[in-house]
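Undergrad: Below is data24.cif; it holds mmCIF, C-alpha atoms and all ligand atoms.
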data_entry
loop_
_atom_site.label_atom_id
_atom_site.label_comp_id
_atom_site.auth_asym_id
_atom_site.auth_seq_id
_atom_site.Cartn_x
_atom_site.Cartn_y
_atom_site.Cartn_z
CA MET D 1 26.62 14.90 32.87
CA ALA D 2 22.92 15.25 32.17
CA LYS D 3 20.65 14.59 35.16
CA HIS D 4 18.34 12.41 33.13
CA PRO D 5 18.81 9.60 30.65
CA THR D 6 19.76 11.08 27.28
CA PRO D 7 18.34 9.42 24.18
CA LYS D 8 20.29 8.94 21.00
CA PRO D 9 20.60 12.36 19.36
CA TRP D 10 18.02 11.80 16.61
CA ILE D 11 15.23 10.50 18.87
CA ALA D 12 13.92 13.89 20.01
CA ASP D 13 13.19 14.92 16.42
CA ILE D 14 10.89 11.96 15.75
CA HIS D 15 7.17 12.45 16.15
CA ALA D 16 4.93 9.60 17.20
CA TYR D 17 2.87 7.91 14.48
CA VAL D 18 -0.36 9.87 13.87
CA PRO D 19 -3.30 7.47 13.74
CA GLY D 20 -6.63 8.14 11.99
CA LYS D 21 -9.01 10.16 14.14
CA ALA D 22 -12.07 8.70 15.84
CA HIS D 23 -13.39 11.89 17.46
CA GLY D 24 -14.37 15.37 16.32
CA ALA D 25 -12.81 18.58 17.61
CA ASP D 26 -15.58 18.68 20.26
CA GLY D 27 -14.78 15.14 21.46
CA ARG D 28 -17.85 13.62 19.80
CA GLU D 29 -17.35 10.05 18.60
CA LEU D 30 -17.30 9.82 14.81
CA VAL D 31 -17.68 6.99 12.34
CA LYS D 32 -14.08 6.27 11.38
CA LEU D 33 -13.45 6.61 7.67
CA SER D 34 -9.94 7.71 8.61
CA ALA D 35 -7.96 4.52 9.14
CA ASN D 36 -8.81 2.25 6.18
CA GLU D 37 -10.52 -0.30 8.39
CA ASN D 38 -12.90 -2.89 6.94
CA PRO D 39 -16.51 -1.61 6.96
CA LEU D 40 -17.79 -5.20 6.84
CA GLY D 41 -16.07 -5.90 10.17
CA SER D 42 -14.42 -9.31 10.51
CA SER D 43 -14.99 -12.81 9.22
CA ALA D 44 -17.61 -14.64 11.31
CA ALA D 45 -15.14 -17.52 11.53
CA ALA D 46 -12.53 -15.22 13.09
CA LEU D 47 -15.06 -13.69 15.48
CA GLY D 48 -16.12 -17.19 16.47
CA VAL D 49 -12.66 -18.23 17.63
CA LEU D 50 -11.87 -14.88 19.28
CA GLY D 51 -14.29 -15.63 22.07
CA THR D 52 -12.51 -18.82 23.03
CA ALA D 53 -8.95 -18.46 21.72
CA GLY D 54 -5.99 -19.28 23.90
CA GLN D 55 -5.49 -19.35 27.63
CA PRO D 56 -4.52 -15.88 28.84
CA ALA D 57 -2.15 -17.33 31.44
CA LEU D 58 -0.06 -19.12 28.81
CA TYR D 59 2.39 -17.62 26.34
CA PRO D 60 1.35 -17.95 22.69
CA ASP D 61 3.16 -20.12 20.16
CA PRO D 62 6.34 -18.02 19.74
CA ASP D 63 6.72 -18.98 16.09
CA CYS D 64 3.09 -18.83 14.86
CA ASN D 65 3.60 -22.29 13.38
CA ALA D 66 -0.02 -23.08 12.51
CA LEU D 67 -0.61 -19.64 11.03
CA ARG D 68 2.58 -19.71 8.96
CA ALA D 69 1.63 -23.13 7.61
CA GLN D 70 -1.82 -21.86 6.65
CA ILE D 71 -0.46 -18.70 4.98
CA GLY D 72 2.13 -20.84 3.19
CA ALA D 73 -0.56 -23.17 1.90
CA LEU D 74 -2.65 -20.27 0.60
CA HIS D 75 0.22 -18.55 -1.19
CA GLY D 76 2.41 -21.52 -2.08
CA LEU D 77 5.26 -20.53 0.23
CA ALA D 78 7.53 -22.65 2.44
CA ALA D 79 7.16 -21.89 6.15
CA ASP D 80 10.84 -20.89 6.47
CA ARG D 81 10.09 -18.03 4.07
CA ILE D 82 7.35 -16.58 6.27
CA LEU D 83 7.57 -14.51 9.44
CA CYS D 84 4.57 -13.25 11.40
CA GLY D 85 4.56 -9.99 13.29
CA ALA D 86 2.49 -7.75 15.52
CA GLY D 87 0.99 -6.14 12.45
CA SER D 88 3.06 -5.75 9.32
CA GLY D 89 4.31 -2.59 11.02
CA GLU D 90 6.52 -4.64 13.34
CA LEU D 91 8.09 -6.41 10.37
CA LEU D 92 8.69 -3.15 8.49
CA HIS D 93 10.46 -1.89 11.62
CA CYS D 94 12.58 -5.05 11.82
CA ALA D 95 13.55 -4.83 8.15
CA VAL D 96 14.68 -1.23 8.37
CA GLN D 97 16.39 -1.85 11.70
CA ALA D 98 18.30 -4.82 10.27
CA PHE D 99 19.76 -2.98 7.30
CA CYS D 100 19.73 0.77 7.98
CA GLY D 101 21.47 3.00 10.49
CA VAL D 102 23.14 6.37 10.96
CA GLY D 103 24.30 7.81 7.65
CA ASP D 104 22.14 5.49 5.57
CA GLU D 105 19.25 6.48 3.34
CA VAL D 106 15.81 4.93 2.97
CA VAL D 107 14.09 5.82 -0.30
CA PHE D 108 10.35 5.91 -0.99
CA SER D 109 7.87 7.86 -3.04
CA ARG D 110 6.98 11.35 -1.79
CA PHE D 111 3.40 10.34 -1.02
CA SER D 112 3.78 7.04 0.83
CA PHE D 113 2.71 5.44 4.10
CA SER D 114 3.33 8.00 6.85
CA LEU D 115 5.13 5.34 8.89
CA TYR D 116 8.04 5.14 6.41
CA PRO D 117 9.91 8.32 7.38
CA LEU D 118 9.52 7.31 11.03
CA LEU D 119 11.05 3.89 10.33
CA ALA D 120 14.12 5.57 8.86
CA ARG D 121 14.44 8.21 11.58
CA LYS D 122 14.08 5.72 14.44
CA VAL D 123 17.31 4.03 13.38
CA GLY D 124 19.11 7.32 12.69
CA ALA D 125 18.86 6.94 8.90
CA SER D 126 17.61 9.64 6.53
CA PRO D 127 14.29 9.34 4.74
CA VAL D 128 14.55 10.27 1.05
CA PHE D 129 11.34 11.37 -0.66
CA ALA D 130 11.40 10.61 -4.40
CA ALA D 131 9.27 12.89 -6.56
CA ASP D 132 5.92 11.43 -7.56
CA HIS D 133 4.40 11.09 -11.00
CA ASP D 134 0.92 12.67 -10.73
CA TYR D 135 0.83 11.54 -7.06
CA ALA D 136 1.82 7.94 -7.85
CA ALA D 137 5.24 6.39 -7.30
CA SER D 138 7.67 6.91 -10.19
CA VAL D 139 10.15 4.10 -10.74
CA ASP D 140 12.49 6.48 -12.57
CA ASN D 141 12.47 8.94 -9.68
CA LEU D 142 12.90 6.22 -7.07
CA LEU D 143 15.93 4.86 -8.94
CA ALA D 144 17.34 8.34 -9.49
CA ASN D 145 17.41 8.81 -5.70
CA VAL D 146 19.44 5.67 -5.02
CA THR D 147 22.96 6.57 -3.87
CA PRO D 148 25.81 4.60 -2.28
CA ARG D 149 24.14 5.39 1.07
CA THR D 150 20.83 3.78 0.10
CA LYS D 151 20.11 0.61 2.08
CA ALA D 152 16.40 0.14 1.48
CA VAL D 153 13.64 1.18 -0.92
CA LEU D 154 10.05 1.02 0.31
CA LEU D 155 7.10 0.69 -2.06
CA ASP D 156 3.54 0.46 -0.76
CA ASN D 157 1.58 -1.08 -3.60
CA PRO D 158 -1.28 -0.15 -3.60
CA ASN D 159 -0.04 3.03 -2.04
CA ASN D 160 -1.36 4.81 1.04
CA PRO D 161 -2.54 7.64 1.00
CA VAL D 162 -2.83 7.90 -2.80
CA GLY D 163 -4.29 4.49 -3.70
CA SER D 164 -2.13 4.25 -6.82
CA TRP D 165 -0.69 0.93 -7.95
CA LEU D 166 2.35 -0.07 -10.01
CA PRO D 167 1.93 -3.07 -12.32
CA ARG D 168 4.30 -6.01 -12.42
CA GLU D 169 6.52 -4.62 -15.20
CA GLU D 170 7.16 -1.47 -13.18
CA VAL D 171 7.91 -3.31 -9.93
CA GLU D 172 10.25 -5.62 -11.85
CA ARG D 173 11.93 -2.62 -13.45
CA LEU D 174 12.40 -1.05 -10.02
CA HIS D 175 13.99 -4.22 -8.70
CA ALA D 176 16.19 -4.65 -11.78
CA GLY D 177 17.52 -1.11 -11.33
CA LEU D 178 18.61 -1.67 -7.73
CA PRO D 179 22.03 -2.98 -6.69
CA GLY D 180 21.81 -6.40 -5.05
CA HIS D 181 22.75 -5.02 -1.63
CA VAL D 182 19.74 -2.65 -1.52
CA LEU D 183 16.66 -4.18 0.09
CA LEU D 184 13.40 -3.65 -1.80
CA ILE D 185 10.39 -3.83 0.51
CA VAL D 186 7.07 -4.26 -1.28
CA ASP D 187 4.34 -3.44 1.24
CA GLN D 188 1.19 -5.14 -0.03
CA ALA D 189 -1.14 -4.07 2.78
CA TYR D 190 -4.03 -3.62 0.32
CA ALA D 191 -3.23 -6.49 -2.08
CA GLU D 192 -6.36 -8.45 -1.12
CA TYR D 193 -8.47 -5.60 -2.51
CA LEU D 194 -7.01 -5.97 -5.99
CA ALA D 195 -8.87 -7.84 -8.69
CA PRO D 196 -7.33 -11.35 -8.78
CA GLU D 197 -5.76 -10.74 -12.21
CA LEU D 198 -3.87 -7.74 -10.83
CA ASP D 199 -0.65 -8.99 -9.27
CA ASP D 200 2.42 -6.80 -8.92
CA GLY D 201 4.70 -9.83 -8.93
CA GLY D 202 6.15 -8.95 -5.52
CA LEU D 203 5.72 -12.45 -4.11
CA GLU D 204 7.54 -13.92 -7.12
CA LEU D 205 10.39 -11.42 -6.76
CA ALA D 206 10.65 -12.26 -3.05
CA ALA D 207 10.75 -15.97 -3.92
CA ARG D 208 13.55 -15.53 -6.45
CA HIS D 209 15.80 -12.80 -5.01
CA ASP D 210 17.71 -12.30 -1.78
CA ASN D 211 16.96 -8.58 -1.62
CA VAL D 212 13.16 -8.48 -1.78
CA LEU D 213 10.81 -8.57 1.18
CA VAL D 214 7.02 -8.53 0.80
CA THR D 215 4.79 -7.59 3.73
CA ARG D 216 1.09 -8.33 4.14
CA THR D 217 -1.39 -7.57 6.88
CA PHE D 218 -4.54 -8.90 8.49
CA SER D 219 -5.55 -5.33 9.33
CA LYS D 220 -7.32 -4.40 6.10
CA ALA D 221 -9.32 -6.80 3.90
CA TYR D 222 -9.13 -9.49 6.61
CA GLY D 223 -10.73 -7.08 9.06
CA LEU D 224 -8.52 -7.82 12.09
CA ALA D 225 -6.76 -4.50 12.72
CA ALA D 226 -7.26 -4.72 16.49
CA GLU D 227 -5.56 -8.09 16.72
CA ARG D 228 -2.26 -6.81 15.26
CA VAL D 229 -1.19 -9.55 12.88
CA GLY D 230 0.91 -9.25 9.74
CA TRP D 231 3.41 -11.37 7.88
CA ALA D 232 6.41 -11.02 5.64
CA THR D 233 8.05 -13.26 3.09
CA GLY D 234 11.51 -13.30 1.59
CA SER D 235 14.55 -15.51 1.35
CA PRO D 236 15.19 -17.74 4.40
CA ARG D 237 18.30 -15.62 5.06
CA LEU D 238 16.28 -12.39 5.13
CA ILE D 239 13.55 -13.97 7.26
CA ASP D 240 16.21 -15.22 9.70
CA TYR D 241 17.58 -11.70 10.25
CA LEU D 242 14.12 -10.30 10.87
CA ASN D 243 13.26 -13.20 13.15
CA ARG D 244 16.16 -12.22 15.44
CA LEU D 245 14.81 -8.69 15.76
CA ARG D 246 11.10 -9.26 16.25
CA GLY D 247 9.55 -9.31 19.67
CA ALA D 248 9.45 -12.66 21.43
CA PHE D 249 5.85 -13.90 21.53
CA ASN D 250 5.00 -11.03 19.19
CA VAL D 251 1.59 -12.30 18.09
CA THR D 252 -0.99 -13.06 20.78
CA SER D 253 -2.84 -16.37 20.94
CA ARG D 254 -6.03 -14.53 20.02
CA GLY D 255 -4.37 -12.89 17.05
CA GLN D 256 -2.93 -16.17 15.80
CA ALA D 257 -6.25 -18.00 16.15
CA ALA D 258 -8.27 -15.21 14.54
CA ALA D 259 -5.86 -14.85 11.62
CA LEU D 260 -5.83 -18.62 11.12
CA ALA D 261 -9.62 -18.67 10.92
CA ALA D 262 -9.61 -15.59 8.67
CA VAL D 263 -7.23 -17.19 6.17
CA GLY D 264 -9.65 -20.11 6.03
CA ASP D 265 -12.55 -17.79 5.20
CA GLN D 266 -11.60 -16.47 1.77
CA ASP D 267 -15.30 -15.86 1.09
CA PHE D 268 -15.15 -12.97 3.57
CA VAL D 269 -12.11 -11.54 1.80
CA ALA D 270 -13.89 -11.87 -1.55
CA ALA D 271 -17.00 -10.18 -0.15
CA SER D 272 -14.86 -7.35 1.25
CA ARG D 273 -13.21 -6.92 -2.15
CA ALA D 274 -16.53 -6.98 -4.02
CA HIS D 275 -18.06 -4.42 -1.67
CA ASN D 276 -15.03 -2.18 -1.96
CA THR D 277 -14.87 -2.41 -5.75
CA GLN D 278 -18.50 -1.36 -6.04
CA GLU D 279 -18.53 1.46 -3.49
CA LEU D 280 -15.12 2.79 -4.54
CA ALA D 281 -16.34 3.04 -8.15
CA ARG D 282 -19.57 4.74 -7.07
CA PHE D 283 -17.73 7.27 -4.88
CA THR D 284 -15.07 7.91 -7.53
CA GLN D 285 -17.77 8.68 -10.12
CA PHE D 286 -19.49 11.01 -7.66
CA VAL D 287 -16.27 12.97 -7.13
CA GLU D 288 -15.45 13.00 -10.85
CA ALA D 289 -18.77 14.72 -11.49
CA LEU D 290 -17.75 17.52 -9.10
CA GLY D 291 -14.86 18.73 -11.24
CA ASN D 292 -16.64 22.05 -11.72
CA HIS D 293 -16.23 22.59 -7.95
CA GLY D 294 -12.51 21.83 -8.14
CA LEU D 295 -12.78 18.28 -6.78
CA ARG D 296 -10.69 15.52 -8.31
CA PRO D 297 -10.37 11.85 -7.35
CA VAL D 298 -6.96 10.21 -7.59
CA PRO D 299 -7.71 6.80 -9.13
CA SER D 300 -7.46 4.22 -6.32
CA LYS D 301 -7.02 0.48 -6.13
CA ALA D 302 -7.18 0.44 -2.32
CA ASN D 303 -10.06 0.76 0.16
CA PHE D 304 -10.02 4.54 0.23
CA LEU D 305 -10.11 7.47 -2.15
CA LEU D 306 -7.83 10.49 -2.04
CA VAL D 307 -9.98 13.46 -3.02
CA LEU D 308 -8.16 16.60 -4.15
CA PHE D 309 -9.81 19.97 -3.46
CA GLU D 310 -8.49 22.52 -5.94
CA GLY D 311 -11.37 25.01 -5.89
CA ALA D 312 -13.06 27.35 -3.41
CA VAL D 313 -14.07 24.52 -1.07
CA THR D 314 -10.91 23.26 0.64
CA ALA D 315 -10.02 19.83 1.95
CA GLU D 316 -10.07 21.24 5.47
CA MET D 317 -13.59 22.60 4.98
CA ALA D 318 -14.67 19.20 3.67
CA GLN D 319 -13.09 17.42 6.62
CA ASN D 320 -14.96 19.72 9.00
CA ALA D 321 -18.28 19.34 7.16
CA LEU D 322 -17.91 15.56 7.21
CA ALA D 323 -17.06 15.65 10.93
CA ASP D 324 -20.25 17.69 11.51
CA ALA D 325 -22.09 14.93 9.64
CA GLY D 326 -20.54 12.34 11.98
CA TYR D 327 -17.62 11.07 9.89
CA ALA D 328 -13.87 11.16 10.58
CA THR D 329 -11.72 11.38 7.46
CA ARG D 330 -8.04 12.02 6.99
CA TRP D 331 -6.89 15.49 5.98
CA LEU D 332 -3.21 15.30 5.07
CA PRO D 333 -1.42 18.66 5.50
CA GLY D 334 1.37 16.89 7.39
CA GLN D 335 2.03 14.74 4.34
CA ASP D 336 2.40 17.64 1.98
CA LEU D 337 -1.21 17.22 0.84
CA PRO D 338 -3.07 20.21 2.34
CA HIS D 339 -5.46 19.93 -0.60
CA GLY D 340 -6.05 16.20 -0.07
CA LEU D 341 -8.65 14.36 1.99
CA ARG D 342 -8.36 10.58 2.25
CA ILE D 343 -11.74 8.95 2.75
CA THR D 344 -11.99 5.26 3.61
CA ILE D 345 -14.72 3.38 1.76
CA GLY D 346 -17.44 2.60 4.29
CA THR D 347 -20.74 0.79 4.02
CA ALA D 348 -23.12 1.85 1.24
CA ALA D 349 -25.22 3.81 3.75
CA GLN D 350 -22.11 5.56 5.12
CA MET D 351 -21.03 6.50 1.60
CA ASP D 352 -24.52 7.87 0.90
CA ASP D 353 -24.14 10.09 3.98
CA VAL D 354 -20.65 11.22 2.96
CA MET D 355 -21.79 12.11 -0.56
CA ALA D 356 -24.84 13.97 0.76
CA ALA D 357 -22.68 15.98 3.18
CA LEU D 358 -20.19 16.88 0.45
CA ARG D 359 -23.05 17.86 -1.88
CA THR D 360 -24.54 20.14 0.80
CA LEU D 361 -21.17 21.77 1.45
CA LEU D 362 -20.58 22.45 -2.24
CA ASP D 363 -24.11 23.81 -2.76
CA GLN D 364 -23.51 26.30 0.08
CA GLY D 365 -20.05 27.30 -1.13
C1 LIG O 1 -2.56 -0.08 6.98
C2 LIG O 1 -1.20 -0.26 6.38
C3 LIG O 1 -0.35 -1.24 6.87
C4 LIG O 1 -0.80 -2.18 7.95
O1 LIG O 1 -0.15 -2.00 9.14
P1 LIG O 1 -0.39 -3.10 10.28
O2 LIG O 1 0.75 -2.85 11.21
O3 LIG O 1 -0.30 -4.44 9.62
O4 LIG O 1 -1.73 -2.85 10.87
C5 LIG O 1 0.89 -1.40 6.28
N1 LIG O 1 1.26 -0.63 5.23
C6 LIG O 1 0.45 0.30 4.72
C7 LIG O 1 0.88 1.08 3.53
C8 LIG O 1 -0.80 0.52 5.29
O5 LIG O 1 -1.60 1.47 4.79
#
So, in terms of structure tokens, how does the structure I just supplied come out?
Ligand SMILES: *Cc1c(COP(=O)(O)O)cnc(C)c1O
TA:
Amino acid sequence: MAKHPTPKPWIADIHAYVPGKAHGADGRELVKLSANENPLGSSAAALGVLGTAGQPALYPDPDCNALRAQIGALHGLAADRILCGAGSGELLHCAVQAFCGVGDEVVFSRFSFSLYPLLARKVGASPVFAADHDYAASVDNLLANVTPRTKAVLLDNPNNPVGSWLPREEVERLHAGLPGHVLLIVDQAYAEYLAPELDDGGLELAARHDNVLVTRTFSKAYGLAAERVGWATGSPRLIDYLNRLRGAFNVTSRGQAAALAAVGDQDFVAASRAHNTQELARFTQFVEALGNHGLRPVPSKANFLLVLFEGAVTAEMAQNALADAGYATRWLPGQDLPHGLRITIGTAAQMDDVMAALRTLLDQG
């Protein structure tokens, strides 16, 4: 017998989630353009209630009733089709835990949210990386990787770290190609950044089918990453399974109050989207003009740009130069993108700095 508690055999092979950096190699604090946080901060309405929300001695509403009602009103969803979580991450965990285990497969595009392989491995299932189509998810390749062992397909749309986006017809085609017992999870963490006419139809699929779950978060365009609030919607049956697995009292009183106020301040969301649209376009054009240096932007619909470095100046050199200039960005060798640097869209002044630092690096090199 071992002298210490022995975890399940697959646990030791899992690495902890790697968050975006906030410090340089020398420990200096950097401006974080590494975690896709909102450069405009948070809604003033949310900040206003955070100071006074809840009594710390009392447990929060275990079912987030007021918040679920408010989300339901905004999106036209019944409350029994909504579940709130400690970030959408908790709900992604619950969904994979509910349906996947040892011997099962979880399919997603090769370049997807770095949490996805961890979700599969934590429950002893195998992550399956479907080949991309020029970095974006390929519906054909996702479907080609579905086997009798497949229990769930994960699609982040827009995608992280690429920023690519599949339109409604493609998401519908993906769903139509899946057997009814395979869960399709559409992770819409960046949906609020999309132009209003761009809708991947995920919410409609989740309203009509028993095997579709959509997740959303307050961490990005709503600017509440620290409060850890997300939500999911699907059939009442699906929501009931996830509800059994989530943590009791999973969303704090502060988180519930701040998210409630944030849902009520759609002007802040619209301002965040407008800012992002403008600065993302400006930064994308800047990178496009550097093709002669081997730089290439991957077209993004999220709040970051994946810049590919295919010339003499490498992504690692760019990451280091930007760190010297005071900015943390996300170099992605661990995600099979050693030539990729994901840069979150910051304020206009921050983007000016980033572009100046890249320009200086390229002029030297
Ligand atoms: C940032 C992000 C999330 C949000 O996670 P939370 O737990 O809600 O903070 C979810 N999915 C993707 C793809 C993301 O990039």
Undergrad: The residues within 10 Å of (12.7, -19.1, 4.2), using only C-alpha atoms and the coordinates of the file, should be reported as a PyMOL selection string; which are they?
TA: chain D and resi 77-83+207+233-240
Undergrad: Would you pick out the contacts of Ser272 in chain D at 8 Å or less, using all atoms listed in the file, so that residues sharing its chain but fewer than 5 positions from it are not included, and give the list as a PyMOL selection string?
TA: chain D and resi 38+40+193+221
Undergrad: Sorted by chain and rising residue number, which residues of chain D lie within 6 Å of ligand LIG 1 (chain O), and what are their closest atom pairs and distances in Å to one decimal, counting all atoms listed in the file, as a Markdown table?
TA:
| residue | atom | partner | partner_atom | distance |
| --- | --- | --- | --- | --- |
| D:Gly87 | CA | O:LIG1 | O2 | 3.5 |
| D:Ser88 | CA | O:LIG1 | O3 | 3.6 |
| D:Gly89 | CA | O:LIG1 | O2 | 3.6 |
| D:Phe113 | CA | O:LIG1 | C7 | 4.8 |
| D:Asp156 | CA | O:LIG1 | C7 | 5.1 |
| D:Asn159 | CA | O:LIG1 | C7 | 6.0 |
| D:Asn160 | CA | O:LIG1 | C7 | 5.0 |
| D:Asp187 | CA | O:LIG1 | N1 | 5.8 |
| D:Ala189 | CA | O:LIG1 | C5 | 4.8 |
| D:Thr217 | CA | O:LIG1 | O3 | 4.3 |
| D:Ser219 | CA | O:LIG1 | O4 | 4.8 |
| D:Ala225 | CA | O:LIG1 | O4 | 5.6 |
| D:Arg228 | CA | O:LIG1 | O4 | 5.9 |
| D:Gly230 | CA | O:LIG1 | O3 | 5.0 |
Undergrad: Would you mind telling me which residue in D:Val107, D:Ile185, D:Leu205, D:Ile11 lies nearest to Arg121 in chain D when using all atoms listed in the file?
TA: D:Ile11
Undergrad: Given only C-alpha atoms as the basis, pick out the residue of D:Pro56, D:Gly247, D:Gly41, D:Pro5 nearest to Cys94 in chain D.
TA: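 Checking each of D:Pro56, D:Gly247, D:Gly41, D:Pro5 against Cys94 in chain D, counting only C-alpha atoms, the winner is D:Gly247.
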Undergrad: Would you please work out which residue, of D:Val146, D:Arg28, D:His133, D:Ile14, is nearest to Leu115 in chain D when using only C-alpha atoms?
TA: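 For Leu115 in chain D, the nearest of the given residues is D:Ile14.
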Undergrad: Using all atoms listed in the file for the distances, tell me which of D:Met1, D:Leu119, D:Ala262, D:Val162 is nearest to Gln70 in chain D.
TA: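 Ranking D:Met1, D:Leu119, D:Ala262, D:Val162 by distance to Gln70 in chain D, first place goes to D:Ala262.
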Undergrad: Please identify all polymer residues within 9 Å of Gln256 in chain D, counting all atoms listed in the file, omitting same-chain residues fewer than 6 positions from it, and present them as a PDB file with C-alpha atoms, in the frame of the given file.
TA:
ATOM      1  CA  ALA D  53      -8.950 -18.460  21.720  1.00  0.00           C
ATOM      2  CA  PRO D  60       1.350 -17.950  22.690  1.00  0.00           C
ATOM      3  CA  ASP D  61       3.160 -20.120  20.160  1.00  0.00           C
ATOM      4  CA  CYS D  64       3.090 -18.830  14.860  1.00  0.00           C
ATOM      5  CA  ALA D  66      -0.020 -23.080  12.510  1.00  0.00           C
ATOM      6  CA  LEU D  67      -0.610 -19.640  11.030  1.00  0.00           C
ATOM      7  CA  GLU D 227      -5.560  -8.090  16.720  1.00  0.00           C
ATOM      8  CA  VAL D 229      -1.190  -9.550  12.880  1.00  0.00           C
TER       9      VAL D 229
END
Undergrad: To one decimal place in Å, what is the distance between CA of Val212 in chain D and CA of Glu170 in chain D?
TA: 14.7 Å
Undergrad: I need the residue nearest Val182 in chain D from this list: D:Pro196, D:Ala259, D:Ala136, D:Ala95. Use only C-alpha atoms for the distance.
TA: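 Checking each of D:Pro196, D:Ala259, D:Ala136, D:Ala95 against Val182 in chain D, counting only C-alpha atoms, the winner is D:Ala95.
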Undergrad: Quick one: of D:Leu362, D:Ala45, D:Ala73, D:Ile343, who's nearest to Ala257 in chain D, counting all atoms listed in the file?
TA: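 Going through D:Leu362, D:Ala45, D:Ala73, D:Ile343 one by one, the smallest distance to Ala257 in chain D is for D:Ala45.
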Undergrad: So the first atom is CA of Ala22 in chain D and the second is CA of Ala328 in chain D; what is the distance between them in Å, to one decimal place?
TA: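 Distance between the two atoms: 6.1 Å.
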Undergrad: Residues near Glu192 in chain D, anyone? I mean within 12 Å using all atoms listed in the file, not counting same-chain ones fewer than 5 positions away, as an NGL selection string.
TA: :D and (38 or 157-158 or 197-200 or 216-223 or 263 or 266-274 or 276-277 or 301-303)
Undergrad: Distance CA of Val313 in chain D-CA of Asp336 in chain D, one decimal place?
TA: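 Atom-to-atom, CA of Val313 in chain D and CA of Asp336 in chain D are spaced 18.1 Å apart.
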Undergrad: When you look at Leu183 in chain D with a cut-off of 8 Å (counting all atoms listed in the file), what residues show up, excluding the ones that are within fewer than 4 positions of it in the same chain? I need them as an mmCIF file with C-alpha atoms, in the coordinates of the input.
TA:
data_model
loop_
_atom_site.group_PDB
_atom_site.id
_atom_site.type_symbol
_atom_site.label_atom_id
_atom_site.label_comp_id
_atom_site.auth_asym_id
_atom_site.auth_seq_id
_atom_site.Cartn_x
_atom_site.Cartn_y
_atom_site.Cartn_z
ATOM 1 C CA PHE D 99 19.760 -2.980 7.300
ATOM 2 C CA LYS D 151 20.110 0.610 2.080
ATOM 3 C CA ALA D 152 16.400 0.140 1.480
ATOM 4 C CA VAL D 153 13.640 1.180 -0.920
ATOM 5 C CA ASN D 211 16.960 -8.580 -1.620
ATOM 6 C CA VAL D 212 13.160 -8.480 -1.780
ATOM 7 C CA LEU D 213 10.810 -8.570 1.180
#
Undergrad: List every protein, DNA or RNA residue that has at least one atom no more than 10 Å from (-23.4, 12.9, 9.7) in the file's coordinates, counting only C-alpha atoms, and write the result as an MDAnalysis selection string.
TA: chainID D and resid 30:31 321:328 350 353:354 356:357
